[in-house]
Number of protein chains: 2
Amino acid sequence: MSAPSAPAPSAGQPPDVFRRLAPQMGALDRFMQDQIRSFEPEIRGMAVYCLESSGKRLRPTLVFISGWRGDGVVDDTLVRAAGVVEMVHLATLVHDDIMDRAALRRNRGTAAHEFGPDAAVLLGDALFSQALHVASQFPSTEVCRLVSESTRKVCSGEIMQTLHRRELGVTRDDYWRVIDLKTAELFRVSCYLGARLAGFAPEFVAAANDFGRRLGIAYQIYDDLVDFLGEEKSIGKTLGTDLASGKLTLPLMLLLERLSAPERTDLAEALQGRKPLPLSASVERMRALGIADGVAAAVDEELDRARAVLAPYATLEPVPLMLQLTDLLKSQLAALYSEAAKP
Amino acid sequence: MSAPSAPAPSAGQPPDVFRRLAPQMGALDRFMQDQIRSFEPEIRGMAVYCLESSGKRLRPTLVFISGWRGDGVVDDTLVRAAGVVEMVHLATLVHDDIMDRAALRRNRGTAAHEFGPDAAVLLGDALFSQALHVASQFPSTEVCRLVSESTRKVCSGEIMQTLHRRELGVTRDDYWRVIDLKTAELFRVSCYLGARLAGFAPEFVAAANDFGRRLGIAYQIYDDLVDFLGEEKSIGKTLGTDLASGKLTLPLMLLLERLSAPERTDLAEALQGRKPLPLSASVERMRALGIADGVAAAVDEELDRARAVLAPYATLEPVPLMLQLTDLLKSQLAALYSEAAKP
């Protein structure tokens, strides 16, 4: 481990958190590369395809910043924990893309598209298993215990969402419960593991845990808006899948509430599969009715709660970077919002 | 723990191993019941559906008999290990049935049939996660490490099989490799865990490990014959799925070898999806050409190897029961065989 001097964040620039994480992410790249060898030779090519995909690596970011001990400090334990949560996440993406019938992810074919849905079911399973195998290589059973439980919760959230499809009676509470499980759970455990494995005091570990959960909920609400208002080319994945599969996310709930009665009836019928789904018309109405406003308010509320739990620990090394992440999400939302406001 | 006197096996009767395992299986029932509570309330009903299914519980049987310390000795550690391997197995069945488009399993609808294939993908994932979560509750990371690695191998074997579908160039070696991973691996780890957790010496643990692997290969070859020659009603699952999905198992390989050239061309074209699949005609030809003979020879060879590794440990408590299991498989095969010989 080495600790070069920290580069000063430049005012007015985007948060530098990702630049400062370069050494950790480099170590994670090498770790993921090493993992390939653990897979049976016959399926290594497929494992490479999934593990090499250059995602945003949000969950590893959370592990690294929650366990931050200074620029350039690369802790192998954190790298392994980051590898575990990222591999669990990649496995869930492989299975999600089967269910969403999505062809595109990170600007290339999804595993289901490349290898067929049957092989993709099994490939996701193999990635899950390998993630838990890495988790079992820590000295104690704690990482395995936490990650396997989180994984079950993520799947439970996804099941609930699947069962709710095309159901118009889904409430705000149902929505929050689903995203708490399917997204916030893995964000939460990433922050917990980062802080805990880096040796921070239990009080801060608990705060990091709560921060991760709130950030995860905020992120999922933002991501649900991206599914409507994002540009497929810049996002790199198939968009509009929530509407296509009849998932009642917050943007769609807000739209249904604000539409005129005849419009609402039309969209409701489309959601229930009785009419073709009007993706571009829905997006138009979302822009016109300022749905992004309502979504932004919900994201802000969660981000405020995330920041509040860190308030007592402002002087700890991880906290400035954790706060940068909340700013980053806020500015991404603002960019989407201003994009949405364009005629 | 209590140890009542052992019931004497009655000569000429079927092996009494399952009767003697009743206390252990009762404890396993209670353990599986307890597991239900670990699932999120919203998906508990689905978890119950999968966990309550009354299968043969071969893998728990292997855990219990490899760690056998006498009749009525119920060791909680073995019960938990048996629960882990059974839950992993149930998860793989949930995913297998999606891929095989099977509607029936153990005389009732498969999870994919009951809840839809999308929910079934996630339900399988939740079962996997919970299995690993139980594995992480042992004092050391060993169970988690072994089971997660085995699970990855099981999935890898299934992927290879999926990739080989409708491929006529599959060799005997390919077939053995696939069944070694997809079936023998979990049999192997079940025997290893039973012997090891019950505190037997490393030499016997290694022998139990090899026994499990050989028995697993033998069992899968037998099961591949059942898929052609079994009676759907007595087996309780959709049969003929290997032919329907173009899986080249040993019975089908033998059939292709023994058919006349024009018959072979017909079946090959059907396997490649260019003609309807002639299930009942294939079964007729298998019976006529005595394919069960060739399959029985392969099963016997593996069972002989399984028995041979136990020879140095004939006086250890587990060994008589382990040998009974090989006899049981042999007599089941003979029953299938005599059924197959009927006109």
# chains A, B, ... in the order shown; residues from 1 in each chain; ligands from 1
$ residues_around --residues "Leu225 (chain A)" --least-positions-apart "2" --cutoff "8 Å" --atoms "only C-alpha atoms" --output "list in words"
Ile221, Tyr222, Asp223, Asp227, Phe228, Leu229, Gly230, Leu250, Pro251, Ala292 and Val295 of chain A
$ residues_around --residues "Pro318 (chain A)" --least-positions-apart "3" --cutoff "6 Å" --atoms "only C-alpha atoms" --output "list in words"
Ile65, Ser66, Trp68 and Leu321 of chain A
$ residues_around --residues "Asp174 (chain B)" --least-positions-apart "6" --cutoff "10 Å" --atoms "only C-alpha atoms" --output "list in words"
Met160, Gln161, His164, Asp180, Leu248 and Thr249 of chain B
$ select_by_dssp --residues "region 74-265 of chain A" --states "alpha helix (DSSP H)" --output "MDAnalysis selection string"
chainID A and resid 76:99 111:115 117:135 142:164 172:179 185:197 202:229 232:235 241:244 250:258 261:265
